[in-house]
file target.pdb (PDB, C-alpha atoms, pLDDT in the B column)
ATOM      1  CA  MET A   1       0.000   0.000   0.000  1.00 72.00           C
ATOM      2  CA  LYS A   2       1.329   3.406  -0.919  1.00 88.00           C
ATOM      3  CA  ALA A   3       1.570   6.196   1.641  1.00 88.00           C
ATOM      4  CA  GLU A   4      -1.186   8.206  -0.086  1.00 88.00           C
ATOM      5  CA  GLU A   5      -3.581   5.252  -0.018  1.00 91.00           C
ATOM      6  CA  PHE A   6      -2.835   4.657   3.665  1.00 91.00           C
ATOM      7  CA  LEU A   7      -3.482   8.320   4.423  1.00 90.00           C
ATOM      8  CA  LEU A   8      -6.828   8.324   2.615  1.00 90.00           C
ATOM      9  CA  LYS A   9      -7.946   5.106   4.270  1.00 93.00           C
ATOM     10  CA  HIS A  10      -7.018   6.243   7.801  1.00 93.00           C
ATOM     11  CA  SER A  11      -7.307  10.031   7.546  1.00 89.00           C
ATOM     12  CA  GLN A  12      -9.860  10.520  10.341  1.00 89.00           C
ATOM     13  CA  GLU A  13      -7.987   8.511  12.966  1.00 93.00           C
ATOM     14  CA  LEU A  14      -4.633   9.993  11.926  1.00 94.00           C
ATOM     15  CA  SER A  15      -6.039  13.535  12.100  1.00 91.00           C
ATOM     16  CA  LYS A  16      -7.278  12.959  15.641  1.00 92.00           C
ATOM     17  CA  LYS A  17      -4.089  11.298  16.846  1.00 96.00           C
ATOM     18  CA  TYR A  18      -1.570  13.617  15.155  1.00 97.00           C
ATOM     19  CA  ALA A  19      -3.469  16.928  14.868  1.00 96.00           C
ATOM     20  CA  GLY A  20      -1.155  19.872  14.197  1.00 96.00           C
ATOM     21  CA  LYS A  21       1.824  17.653  13.357  1.00 98.00           C
ATOM     22  CA  TYR A  22       3.616  16.258  10.334  1.00 98.00           C
ATOM     23  CA  ILE A  23       3.706  12.508   9.880  1.00 98.00           C
ATOM     24  CA  ALA A  24       6.133  10.470   7.821  1.00 98.00           C
ATOM     25  CA  VAL A  25       4.559   7.407   6.247  1.00 97.00           C
ATOM     26  CA  VAL A  26       6.298   4.431   4.677  1.00 96.00           C
ATOM     27  CA  GLY A  27       3.923   1.988   3.047  1.00 93.00           C
ATOM     28  CA  ASP A  28       1.129   1.425   5.528  1.00 93.00           C
ATOM     29  CA  LYS A  29       2.678   2.761   8.721  1.00 95.00           C
ATOM     30  CA  VAL A  30       3.513   6.029  10.420  1.00 97.00           C
ATOM     31  CA  VAL A  31       7.266   5.953  11.039  1.00 98.00           C
ATOM     32  CA  ALA A  32       7.918   9.461  12.421  1.00 98.00           C
ATOM     33  CA  VAL A  33       5.951  12.384  13.880  1.00 98.00           C
ATOM     34  CA  SER A  34       7.102  15.969  14.389  1.00 98.00           C
ATOM     35  CA  ARG A  35       5.951  19.598  14.400  1.00 98.00           C
ATOM     36  CA  SER A  36       8.497  20.082  11.572  1.00 98.00           C
ATOM     37  CA  ALA A  37       8.185  18.443   8.155  1.00 98.00           C
ATOM     38  CA  ILE A  38      11.965  18.403   7.798  1.00 98.00           C
ATOM     39  CA  GLN A  39      12.460  16.709  11.165  1.00 98.00           C
ATOM     40  CA  ALA A  40       9.817  14.072  10.412  1.00 98.00           C
ATOM     41  CA  TYR A  41      11.541  13.351   7.094  1.00 98.00           C
ATOM     42  CA  LYS A  42      15.010  13.118   8.669  1.00 98.00           C
ATOM     43  CA  GLU A  43      13.789  10.708  11.365  1.00 98.00           C
ATOM     44  CA  ALA A  44      12.047   8.538   8.779  1.00 98.00           C
ATOM     45  CA  LYS A  45      15.054   8.554   6.442  1.00 98.00           C
ATOM     46  CA  LYS A  46      17.289   7.301   9.287  1.00 98.00           C
ATOM     47  CA  LYS A  47      14.970   4.342   9.872  1.00 97.00           C
ATOM     48  CA  TYR A  48      14.135   3.681   6.212  1.00 97.00           C
ATOM     49  CA  PRO A  49      16.986   5.022   4.041  1.00 97.00           C
ATOM     50  CA  LYS A  50      15.938   3.171   0.873  1.00 96.00           C
ATOM     51  CA  GLU A  51      12.176   3.549   1.109  1.00 96.00           C
ATOM     52  CA  GLU A  52       9.902   6.185  -0.396  1.00 95.00           C
ATOM     53  CA  ILE A  53       8.660   8.454   2.394  1.00 96.00           C
ATOM     54  CA  GLY A  54       5.430  10.417   2.333  1.00 95.00           C
ATOM     55  CA  ILE A  55       5.260  13.546   4.506  1.00 97.00           C
ATOM     56  CA  PHE A  56       1.789  14.791   5.409  1.00 96.00           C
ATOM     57  CA  TYR A  57       0.468  17.535   7.669  1.00 96.00           C
ATOM     58  CA  MET A  58      -2.451  16.564   9.887  1.00 95.00           C
ATOM     59  CA  PRO A  59      -4.554  19.711  10.404  1.00 92.00           C
ATOM     60  CA  THR A  60      -6.152  20.544  13.720  1.00 90.00           C
ATOM     61  CA  GLU A  61      -9.925  20.609  13.936  1.00 85.00           C
ATOM     62  CA  GLU A  62      -9.859  24.421  13.836  1.00 85.00           C
ATOM     63  CA  GLU A  63      -7.731  24.410  10.673  1.00 83.00           C
ATOM     64  CA  THR A  64     -10.082  21.926   9.016  1.00 78.00           C
ATOM     65  CA  VAL A  65     -13.146  24.065   9.767  1.00 75.00           C
ATOM     66  CA  THR A  66     -11.361  27.134   8.414  1.00 63.00           C
ATOM     67  CA  LEU A  67     -10.656  25.322   5.159  1.00 56.00           C
ATOM     68  CA  LEU A  68     -14.343  24.628   4.630  1.00 54.00           C
TER      69      LEU A  68
END
call {"tool": "encode", "arguments": {"input": "target.pdb", "output": "structure tokens"}}
result
Amino acid sequence: MKAEEFLLKHSQELSKKYAGKYIAVVGDKVVAVSRSAIQAYKEAKKKYPKEEIGIFYMPTEEETVTLL
């Protein structure tokens, strides 16, 4: 499963758990979490140097409402 597919499938639970943070996803698992996209990527790259890493921001509830 690609990172984008995982995100779409689990977006509600991920948004609640990681609101306001960046997550790094490899395949079908969250491998790093940070308030900084760069830091999340660096942590994930250390653990999975040869894998494709997806970096996604999980908006807070307030940010989501603002977007609507």
call {"tool": "resolve_selection", "arguments": {"input": "target.pdb", "expression": "the PyMOL selection byres ((chain A and resi 27-35) around 9)", "output": "PyMOL selection string"}}
result
chain A and resi 1-7+18+20-26+36-44+47-48+51-54+57
call {"tool": "closest_residue", "arguments": {"input": "target.pdb", "among": "A:Thr64, A:Pro59, A:Lys50, A:Lys45", "to": "Leu14 of chain A", "atoms": "all atoms listed in the file"}}
result
A:Pro59
call {"tool": "atom_distance", "arguments": {"input": "target.pdb", "atom1": "atom CA of Ile55 of chain A", "atom2": "atom CA of His10 of chain A"}}
result
14.7 Å
call {"tool": "axis_aligned_box", "arguments": {"input": "target.pdb", "around": "segment 5-13 of chain A", "padding_each_side": "6 Å", "output": "JSON"}}
result
{"center_x": -6.3, "center_y": 7.6, "center_z": 6.5, "size_x": 19.0, "size_y": 17.9, "size_z": 25.0}
call {"tool": "decode", "arguments": {"input": "target.pdb", "residues": "segment 31-52 of chain A", "atoms": "N, CA and C atoms", "output": "compact mmCIF listing (two decimals), in the first residue's frame"}}
result
# COMPACT_ATOMS: atom_id res chain seq x y z
N VAL A 31 5.93 6.29 10.54
CA VAL A 31 7.27 5.95 11.04
C VAL A 31 7.94 7.10 11.79
N ALA A 32 7.37 8.32 11.69
CA ALA A 32 7.92 9.46 12.42
C ALA A 32 6.84 10.54 12.53
N VAL A 33 6.90 11.30 13.63
CA VAL A 33 5.95 12.38 13.88
C VAL A 33 6.73 13.57 14.42
N SER A 34 6.41 14.78 13.93
CA SER A 34 7.10 15.97 14.39
C SER A 34 6.28 17.21 14.07
N ARG A 35 6.58 18.31 14.73
CA ARG A 35 5.95 19.60 14.40
C ARG A 35 6.63 20.21 13.16
N SER A 36 7.74 19.61 12.73
CA SER A 36 8.50 20.08 11.57
C SER A 36 8.50 19.00 10.49
N ALA A 37 8.16 19.39 9.27
CA ALA A 37 8.18 18.44 8.15
C ALA A 37 9.60 17.91 7.92
N ILE A 38 10.57 18.80 8.02
CA ILE A 38 11.96 18.40 7.80
C ILE A 38 12.42 17.39 8.84
N GLN A 39 12.06 17.63 10.09
CA GLN A 39 12.46 16.71 11.17
C GLN A 39 11.80 15.35 11.00
N ALA A 40 10.52 15.34 10.64
CA ALA A 40 9.82 14.07 10.41
C ALA A 40 10.50 13.30 9.28
N TYR A 41 10.87 14.00 8.22
CA TYR A 41 11.54 13.35 7.09
C TYR A 41 12.90 12.78 7.51
N LYS A 42 13.68 13.58 8.24
CA LYS A 42 15.01 13.12 8.67
C LYS A 42 14.92 11.87 9.54
N GLU A 43 13.96 11.87 10.48
CA GLU A 43 13.79 10.71 11.37
C GLU A 43 13.40 9.48 10.55
N ALA A 44 12.49 9.66 9.60
CA ALA A 44 12.05 8.54 8.78
C ALA A 44 13.18 8.02 7.90
N LYS A 45 13.96 8.94 7.34
CA LYS A 45 15.05 8.55 6.44
C LYS A 45 16.13 7.75 7.19
N LYS A 46 16.34 8.08 8.48
CA LYS A 46 17.29 7.30 9.29
C LYS A 46 16.82 5.86 9.43
N LYS A 47 15.53 5.68 9.66
CA LYS A 47 14.97 4.34 9.87
C LYS A 47 14.79 3.57 8.57
N TYR A 48 14.44 4.30 7.50
CA TYR A 48 14.13 3.68 6.21
C TYR A 48 14.86 4.40 5.08
N PRO A 49 16.19 4.25 5.01
CA PRO A 49 16.99 5.02 4.04
C PRO A 49 16.68 4.72 2.57
N LYS A 50 16.17 3.54 2.27
CA LYS A 50 15.94 3.17 0.87
C LYS A 50 14.47 3.19 0.46
N GLU A 51 13.61 3.56 1.39
CA GLU A 51 12.18 3.55 1.11
C GLU A 51 11.67 4.93 0.68
N GLU A 52 10.57 4.94 -0.04
CA GLU A 52 9.90 6.19 -0.40
C GLU A 52 9.11 6.66 0.82
